Amino acid sequence: MLHILLRWAISAISVYAAAFFVPGVRIANAWSAFIAALVIGLVNALVRPILLLLTLPINLLTLGLFTLVINASLFWFASSIVKGFTVVDFRAAFLGALVFWLVSWLVNGLFQTK
(Lines give C-alpha, C1' and ligand atoms only; values in the text may rest on other atoms or scores of the structure.)
Protein backbone atom coordinates (compact mmCIF):
# COMPACT_ATOMS: atom_id res chain seq x y z
CA MET A 1 0.00 0.00 0.00
CA LEU A 2 2.83 2.35 0.84
CA HIS A 3 4.38 1.62 -2.55
CA ILE A 4 1.20 2.75 -4.35
CA LEU A 5 0.99 5.96 -2.31
CA LEU A 6 4.65 6.71 -3.04
CA ARG A 7 4.09 6.26 -6.79
CA TRP A 8 1.02 8.51 -6.59
CA ALA A 9 3.05 11.21 -4.80
CA ILE A 10 5.80 10.91 -7.43
CA SER A 11 3.21 11.36 -10.17
CA ALA A 12 1.82 14.44 -8.42
CA ILE A 13 5.34 15.87 -8.22
CA SER A 14 5.70 15.16 -11.94
CA VAL A 15 2.48 17.06 -12.66
CA TYR A 16 3.82 20.00 -10.65
CA ALA A 17 7.11 19.84 -12.59
CA ALA A 18 5.22 19.89 -15.89
CA ALA A 19 3.25 22.93 -14.71
CA PHE A 20 6.46 24.64 -13.58
CA PHE A 21 8.54 24.02 -16.71
CA VAL A 22 5.98 24.07 -19.52
CA PRO A 23 4.12 27.26 -20.36
CA GLY A 24 0.51 26.37 -20.99
CA VAL A 25 0.27 23.70 -18.30
CA ARG A 26 -1.28 25.03 -15.11
CA ILE A 27 -2.19 23.46 -11.80
CA ALA A 28 -4.40 25.26 -9.28
CA ASN A 29 -3.33 23.56 -6.04
CA ALA A 30 -1.84 20.41 -4.54
CA TRP A 31 -5.19 18.61 -4.49
CA SER A 32 -5.57 19.18 -8.23
CA ALA A 33 -2.07 17.79 -8.78
CA PHE A 34 -2.93 14.61 -6.88
CA ILE A 35 -6.22 14.17 -8.71
CA ALA A 36 -4.53 14.87 -12.06
CA ALA A 37 -1.87 12.26 -11.25
CA LEU A 38 -4.60 9.75 -10.39
CA VAL A 39 -6.54 10.45 -13.60
CA ILE A 40 -3.39 10.30 -15.75
CA GLY A 41 -2.52 6.96 -14.16
CA LEU A 42 -5.99 5.55 -14.75
CA VAL A 43 -6.15 6.82 -18.33
CA ASN A 44 -2.71 5.37 -19.05
CA ALA A 45 -3.71 2.03 -17.54
CA LEU A 46 -7.13 1.71 -19.18
CA VAL A 47 -7.21 3.72 -22.42
CA ARG A 48 -3.56 3.77 -23.56
CA PRO A 49 -3.27 0.02 -24.34
CA ILE A 50 -6.38 0.17 -26.52
CA LEU A 51 -5.09 3.23 -28.39
CA LEU A 52 -1.70 1.61 -28.89
CA LEU A 53 -3.35 -1.46 -30.36
CA LEU A 54 -5.60 0.56 -32.66
CA THR A 55 -2.72 2.72 -33.90
CA LEU A 56 -0.25 -0.13 -34.29
CA PRO A 57 0.19 0.29 -38.09
CA ILE A 58 1.03 4.00 -37.87
CA ASN A 59 3.16 3.33 -34.82
CA LEU A 60 5.18 0.79 -36.79
CA LEU A 61 5.56 3.19 -39.72
CA THR A 62 6.86 5.94 -37.43
CA LEU A 63 9.09 3.52 -35.51
CA GLY A 64 7.20 4.15 -32.29
CA LEU A 65 7.25 7.95 -32.39
CA PHE A 66 3.46 8.09 -32.69
CA THR A 67 3.39 6.88 -29.09
CA LEU A 68 4.50 10.39 -28.12
CA VAL A 69 1.39 11.79 -29.81
CA ILE A 70 -0.79 9.30 -27.92
CA ASN A 71 0.85 10.24 -24.61
CA ALA A 72 0.32 13.95 -25.31
CA SER A 73 -3.31 13.35 -26.25
CA LEU A 74 -3.97 11.41 -23.05
CA PHE A 75 -2.24 14.11 -20.98
CA TRP A 76 -4.45 16.72 -22.65
CA PHE A 77 -7.53 14.53 -22.15
CA ALA A 78 -6.78 14.24 -18.42
CA SER A 79 -6.80 18.04 -18.20
CA SER A 80 -10.33 18.10 -19.58
CA ILE A 81 -11.48 15.83 -16.74
CA VAL A 82 -9.69 17.38 -13.76
CA LYS A 83 -10.84 20.75 -12.51
CA GLY A 84 -7.83 22.90 -11.65
CA PHE A 85 -5.52 21.18 -14.15
CA THR A 86 -5.28 23.07 -17.44
CA VAL A 87 -3.41 22.33 -20.66
CA VAL A 88 -3.99 25.04 -23.25
CA ASP A 89 -2.92 23.37 -26.52
CA PHE A 90 -1.32 20.29 -28.05
CA ARG A 91 2.20 21.74 -27.89
CA ALA A 92 1.85 22.24 -24.15
CA ALA A 93 0.38 18.74 -23.81
CA PHE A 94 3.28 17.25 -25.77
CA LEU A 95 5.95 19.02 -23.71
CA GLY A 96 4.00 18.45 -20.48
CA ALA A 97 3.77 14.72 -21.16
CA LEU A 98 7.52 14.61 -21.84
CA VAL A 99 8.33 16.45 -18.61
CA PHE A 100 5.85 14.27 -16.70
CA TRP A 101 7.52 11.12 -18.04
CA LEU A 102 11.08 12.38 -17.43
CA VAL A 103 10.48 13.47 -13.84
CA SER A 104 8.55 10.27 -13.05
CA TRP A 105 11.32 8.18 -14.54
CA LEU A 106 14.08 9.99 -12.64
CA VAL A 107 12.35 10.04 -9.26
CA ASN A 108 11.13 6.44 -9.56
CA GLY A 109 14.72 5.48 -10.32
CA LEU A 110 15.86 7.11 -7.09
CA PHE A 111 13.32 5.20 -5.00
CA GLN A 112 13.67 1.88 -6.79
CA THR A 113 14.60 -1.01 -4.52
CA LYS A 114 16.03 -4.33 -5.63
# chains A, B, ... in the order shown; residues from 1 in each chain; ligands from 1
>>> select_by_dssp(residues="region 12-114 of chain A", states="strand (DSSP E or B)", output="PyMOL selection string")
chain A and resi 25-27+85-87
>>> closest_atom_pairs(of="region 14-48 of chain A", to="region 88-97 of chain A", cutoff="9 Å", atoms="only C-alpha atoms", output="JSON lines")
{"residue": "A:Val15", "atom": "CA", "partner": "A:Gly96", "partner_atom": "CA", "distance": 8.1}
{"residue": "A:Ala17", "atom": "CA", "partner": "A:Gly96", "partner_atom": "CA", "distance": 8.6}
{"residue": "A:Ala18", "atom": "CA", "partner": "A:Gly96", "partner_atom": "CA", "distance": 5.0}
{"residue": "A:Ala19", "atom": "CA", "partner": "A:Gly96", "partner_atom": "CA", "distance": 7.4}
{"residue": "A:Phe21", "atom": "CA", "partner": "A:Gly96", "partner_atom": "CA", "distance": 8.1}
{"residue": "A:Val22", "atom": "CA", "partner": "A:Gly96", "partner_atom": "CA", "distance": 6.0}
{"residue": "A:Pro23", "atom": "CA", "partner": "A:Ala92", "partner_atom": "CA", "distance": 6.7}
{"residue": "A:Gly24", "atom": "CA", "partner": "A:Val88", "partner_atom": "CA", "distance": 5.2}
{"residue": "A:Val25", "atom": "CA", "partner": "A:Ala92", "partner_atom": "CA", "distance": 6.2}
{"residue": "A:Arg26", "atom": "CA", "partner": "A:Val88", "partner_atom": "CA", "distance": 8.6}
>>> write_last_selection(atoms="all heavy atoms", output="PDB file, in the first residue's frame")
ATOM      1  N   VAL A  15       3.469  16.114 -12.133  1.00  0.00           N
ATOM      2  CA  VAL A  15       2.477  17.063 -12.655  1.00  0.00           C
ATOM      3  C   VAL A  15       2.890  18.491 -12.298  1.00  0.00           C
ATOM      4  O   VAL A  15       2.825  19.405 -13.127  1.00  0.00           O
ATOM      5  CB  VAL A  15       1.065  16.741 -12.121  1.00  0.00           C
ATOM      6  CG1 VAL A  15       0.087  17.853 -12.456  1.00  0.00           C
ATOM      7  CG2 VAL A  15       0.574  15.428 -12.682  1.00  0.00           C
ATOM      8  N   ALA A  17       5.939  19.518 -11.773  1.00  0.00           N
ATOM      9  CA  ALA A  17       7.106  19.842 -12.594  1.00  0.00           C
ATOM     10  C   ALA A  17       6.685  20.242 -14.000  1.00  0.00           C
ATOM     11  O   ALA A  17       7.225  21.198 -14.569  1.00  0.00           O
ATOM     12  CB  ALA A  17       8.065  18.652 -12.640  1.00  0.00           C
ATOM     13  N   ALA A  18       5.716  19.527 -14.559  1.00  0.00           N
ATOM     14  CA  ALA A  18       5.218  19.886 -15.890  1.00  0.00           C
ATOM     15  C   ALA A  18       4.603  21.274 -15.868  1.00  0.00           C
ATOM     16  O   ALA A  18       4.813  22.077 -16.787  1.00  0.00           O
ATOM     17  CB  ALA A  18       4.202  18.856 -16.373  1.00  0.00           C
ATOM     18  N   ALA A  19       3.862  21.597 -14.812  1.00  0.00           N
ATOM     19  CA  ALA A  19       3.252  22.925 -14.705  1.00  0.00           C
ATOM     20  C   ALA A  19       4.316  24.002 -14.509  1.00  0.00           C
ATOM     21  O   ALA A  19       4.155  25.129 -14.978  1.00  0.00           O
ATOM     22  CB  ALA A  19       2.255  22.954 -13.555  1.00  0.00           C
ATOM     23  N   PHE A  21       7.620  23.874 -15.584  1.00  0.00           N
ATOM     24  CA  PHE A  21       8.543  24.022 -16.709  1.00  0.00           C
ATOM     25  C   PHE A  21       7.872  24.308 -18.048  1.00  0.00           C
ATOM     26  O   PHE A  21       8.522  24.838 -18.944  1.00  0.00           O
ATOM     27  CB  PHE A  21       9.411  22.763 -16.857  1.00  0.00           C
ATOM     28  CG  PHE A  21      10.438  22.617 -15.774  1.00  0.00           C
ATOM     29  CD1 PHE A  21      10.349  21.591 -14.857  1.00  0.00           C
ATOM     30  CD2 PHE A  21      11.479  23.516 -15.664  1.00  0.00           C
ATOM     31  CE1 PHE A  21      11.284  21.446 -13.856  1.00  0.00           C
ATOM     32  CE2 PHE A  21      12.430  23.395 -14.671  1.00  0.00           C
ATOM     33  CZ  PHE A  21      12.327  22.354 -13.756  1.00  0.00           C
ATOM     34  N   VAL A  22       6.626  23.945 -18.208  1.00  0.00           N
ATOM     35  CA  VAL A  22       5.978  24.073 -19.517  1.00  0.00           C
ATOM     36  C   VAL A  22       4.947  25.192 -19.481  1.00  0.00           C
ATOM     37  O   VAL A  22       3.978  25.120 -18.727  1.00  0.00           O
ATOM     38  CB  VAL A  22       5.293  22.738 -19.924  1.00  0.00           C
ATOM     39  CG1 VAL A  22       4.598  22.890 -21.257  1.00  0.00           C
ATOM     40  CG2 VAL A  22       6.304  21.611 -19.954  1.00  0.00           C
ATOM     41  N   PRO A  23       5.156  26.226 -20.282  1.00  0.00           N
ATOM     42  CA  PRO A  23       4.120  27.257 -20.364  1.00  0.00           C
ATOM     43  C   PRO A  23       2.881  26.673 -21.043  1.00  0.00           C
ATOM     44  O   PRO A  23       2.981  25.979 -22.042  1.00  0.00           O
ATOM     45  CB  PRO A  23       4.755  28.353 -21.227  1.00  0.00           C
ATOM     46  CG  PRO A  23       5.969  27.762 -21.827  1.00  0.00           C
ATOM     47  CD  PRO A  23       6.302  26.509 -21.102  1.00  0.00           C
ATOM     48  N   GLY A  24       1.743  26.920 -20.451  1.00  0.00           N
ATOM     49  CA  GLY A  24       0.510  26.367 -20.995  1.00  0.00           C
ATOM     50  C   GLY A  24      -0.038  25.217 -20.184  1.00  0.00           C
ATOM     51  O   GLY A  24      -1.149  24.773 -20.420  1.00  0.00           O
ATOM     52  N   VAL A  25       0.746  24.714 -19.236  1.00  0.00           N
ATOM     53  CA  VAL A  25       0.267  23.701 -18.299  1.00  0.00           C
ATOM     54  C   VAL A  25       0.162  24.382 -16.946  1.00  0.00           C
ATOM     55  O   VAL A  25       1.132  24.950 -16.448  1.00  0.00           O
ATOM     56  CB  VAL A  25       1.227  22.486 -18.212  1.00  0.00           C
ATOM     57  CG1 VAL A  25       0.730  21.493 -17.178  1.00  0.00           C
ATOM     58  CG2 VAL A  25       1.370  21.824 -19.563  1.00  0.00           C
ATOM     59  N   ARG A  26      -1.035  24.354 -16.384  1.00  0.00           N
ATOM     60  CA  ARG A  26      -1.276  25.034 -15.109  1.00  0.00           C
ATOM     61  C   ARG A  26      -1.945  24.089 -14.127  1.00  0.00           C
ATOM     62  O   ARG A  26      -2.786  23.278 -14.508  1.00  0.00           O
ATOM     63  CB  ARG A  26      -2.164  26.257 -15.325  1.00  0.00           C
ATOM     64  CG  ARG A  26      -1.516  27.305 -16.180  1.00  0.00           C
ATOM     65  CD  ARG A  26      -2.403  28.531 -16.348  1.00  0.00           C
ATOM     66  NE  ARG A  26      -1.902  29.367 -17.417  1.00  0.00           N
ATOM     67  CZ  ARG A  26      -2.285  29.286 -18.685  1.00  0.00           C
ATOM     68  NH1 ARG A  26      -3.191  28.406 -19.046  1.00  0.00           N
ATOM     69  NH2 ARG A  26      -1.763  30.084 -19.593  1.00  0.00           N
TER      70      ARG A  26
END
>>> select_by_dssp(residues="region 22-84 of chain A", states="helix (DSSP H, G or I)", output="ChimeraX atom specification")
/A:30-46,48-54,56-61,66-81
>>> closest_atom_pairs(of="region 56-107 of chain A", to="region 30-42 of chain A", cutoff="12 Å", atoms="only C-alpha atoms", output="tab-separated table")
residue	atom	partner	partner_atom	distance
A:Asn71	CA	A:Ile40	CA	9.8
A:Ala72	CA	A:Ile40	CA	10.9
A:Ser73	CA	A:Ile40	CA	10.9
A:Leu74	CA	A:Ile40	CA	7.4
A:Phe75	CA	A:Ile40	CA	6.6
A:Trp76	CA	A:Ile40	CA	9.5
A:Phe77	CA	A:Ile40	CA	8.7
A:Ala78	CA	A:Ile40	CA	5.8
A:Ser79	CA	A:Ala36	CA	7.3
A:Ser80	CA	A:Ala36	CA	10.0
A:Ile81	CA	A:Val39	CA	7.9
A:Val82	CA	A:Ala36	CA	6.0
A:Lys83	CA	A:Ser32	CA	7.0
A:Gly84	CA	A:Ser32	CA	5.5
A:Phe85	CA	A:Ser32	CA	6.2
A:Thr86	CA	A:Ala36	CA	9.8
A:Val87	CA	A:Ala36	CA	11.4
A:Gly96	CA	A:Ile40	CA	12.0
A:Ala97	CA	A:Ile40	CA	10.0
A:Phe100	CA	A:Ala37	CA	9.7
A:Trp101	CA	A:Ile40	CA	11.2
A:Ser104	CA	A:Ala37	CA	10.8
>>> atom_distance(atom1="CA of Ala12 (chain A)", atom2="CA of Ile27 (chain A)")
10.4 Å
>>> residues_around(residues="Ile10 (chain A)", least_positions_apart="4", cutoff="7 Å", atoms="only C-alpha atoms", output="list in words")
Leu6, Ser14, Ser104 and Val107 of chain A
>>> write_last_selection(atoms="N, CA, C and O atoms", output="short mmCIF file (atom, residue, chain, number, x, y, z; two decimals), in the first residue's frame")
data_model
loop_
_atom_site.label_atom_id
_atom_site.label_comp_id
_atom_site.auth_asym_id
_atom_site.auth_seq_id
_atom_site.Cartn_x
_atom_site.Cartn_y
_atom_site.Cartn_z
N LEU A 6 3.40 6.07 -2.62
CA LEU A 6 4.65 6.71 -3.04
C LEU A 6 4.64 7.00 -4.54
O LEU A 6 5.02 8.09 -4.97
N SER A 14 5.45 15.05 -10.49
CA SER A 14 5.70 15.16 -11.94
C SER A 14 4.71 16.12 -12.59
O SER A 14 5.09 16.87 -13.51
N SER A 104 8.99 11.55 -13.63
CA SER A 104 8.55 10.27 -13.05
C SER A 104 9.64 9.22 -13.16
O SER A 104 9.92 8.48 -12.21
N VAL A 107 12.67 10.20 -10.68
CA VAL A 107 12.35 10.04 -9.26
C VAL A 107 12.05 8.58 -8.92
O VAL A 107 12.47 8.09 -7.88
#
>>> decode(residues="region 31-42 of chain A", atoms="N, CA, C and O atoms", output="mmCIF file, in the first residue's frame")
data_model
loop_
_atom_site.group_PDB
_atom_site.id
_atom_site.type_symbol
_atom_site.label_atom_id
_atom_site.label_comp_id
_atom_site.auth_asym_id
_atom_site.auth_seq_id
_atom_site.Cartn_x
_atom_site.Cartn_y
_atom_site.Cartn_z
ATOM 1 N N TRP A 31 -4.120 19.591 -4.314
ATOM 2 C CA TRP A 31 -5.194 18.611 -4.490
ATOM 3 C C TRP A 31 -5.420 18.328 -5.977
ATOM 4 O O TRP A 31 -5.591 17.170 -6.376
ATOM 5 N N SER A 32 -5.403 19.363 -6.788
ATOM 6 C CA SER A 32 -5.570 19.182 -8.233
ATOM 7 C C SER A 32 -4.420 18.364 -8.822
ATOM 8 O O SER A 32 -4.625 17.568 -9.737
ATOM 9 N N ALA A 33 -3.216 18.561 -8.298
ATOM 10 C CA ALA A 33 -2.065 17.787 -8.781
ATOM 11 C C ALA A 33 -2.234 16.307 -8.458
ATOM 12 O O ALA A 33 -1.959 15.441 -9.295
ATOM 13 N N PHE A 34 -2.724 16.008 -7.253
ATOM 14 C CA PHE A 34 -2.925 14.606 -6.876
ATOM 15 C C PHE A 34 -4.044 13.964 -7.693
ATOM 16 O O PHE A 34 -3.918 12.822 -8.136
ATOM 17 N N ILE A 35 -5.113 14.704 -7.906
ATOM 18 C CA ILE A 35 -6.220 14.168 -8.710
ATOM 19 C C ILE A 35 -5.776 13.999 -10.163
ATOM 20 O O ILE A 35 -6.098 12.998 -10.810
ATOM 21 N N ALA A 36 -5.031 14.974 -10.685
ATOM 22 C CA ALA A 36 -4.527 14.866 -12.058
ATOM 23 C C ALA A 36 -3.610 13.648 -12.198
ATOM 24 O O ALA A 36 -3.681 12.921 -13.192
ATOM 25 N N ALA A 37 -2.757 13.422 -11.212
ATOM 26 C CA ALA A 37 -1.866 12.259 -11.250
ATOM 27 C C ALA A 37 -2.677 10.965 -11.239
ATOM 28 O O ALA A 37 -2.353 10.010 -11.957
ATOM 29 N N LEU A 38 -3.740 10.929 -10.443
ATOM 30 C CA LEU A 38 -4.598 9.752 -10.393
ATOM 31 C C LEU A 38 -5.293 9.518 -11.731
ATOM 32 O O LEU A 38 -5.310 8.391 -12.251
ATOM 33 N N VAL A 39 -5.835 10.575 -12.316
ATOM 34 C CA VAL A 39 -6.536 10.449 -13.602
ATOM 35 C C VAL A 39 -5.568 10.062 -14.718
ATOM 36 O O VAL A 39 -5.882 9.200 -15.543
ATOM 37 N N ILE A 40 -4.390 10.655 -14.732
ATOM 38 C CA ILE A 40 -3.394 10.302 -15.746
ATOM 39 C C ILE A 40 -3.011 8.828 -15.609
ATOM 40 O O ILE A 40 -2.902 8.103 -16.605
ATOM 41 N N GLY A 41 -2.837 8.368 -14.388
ATOM 42 C CA GLY A 41 -2.518 6.962 -14.164
ATOM 43 C C GLY A 41 -3.626 6.031 -14.633
ATOM 44 O O GLY A 41 -3.362 5.011 -15.277
ATOM 45 N N LEU A 42 -4.868 6.382 -14.316
ATOM 46 C CA LEU A 42 -5.995 5.550 -14.746
ATOM 47 C C LEU A 42 -6.166 5.554 -16.260
ATOM 48 O O LEU A 42 -6.412 4.501 -16.865
#
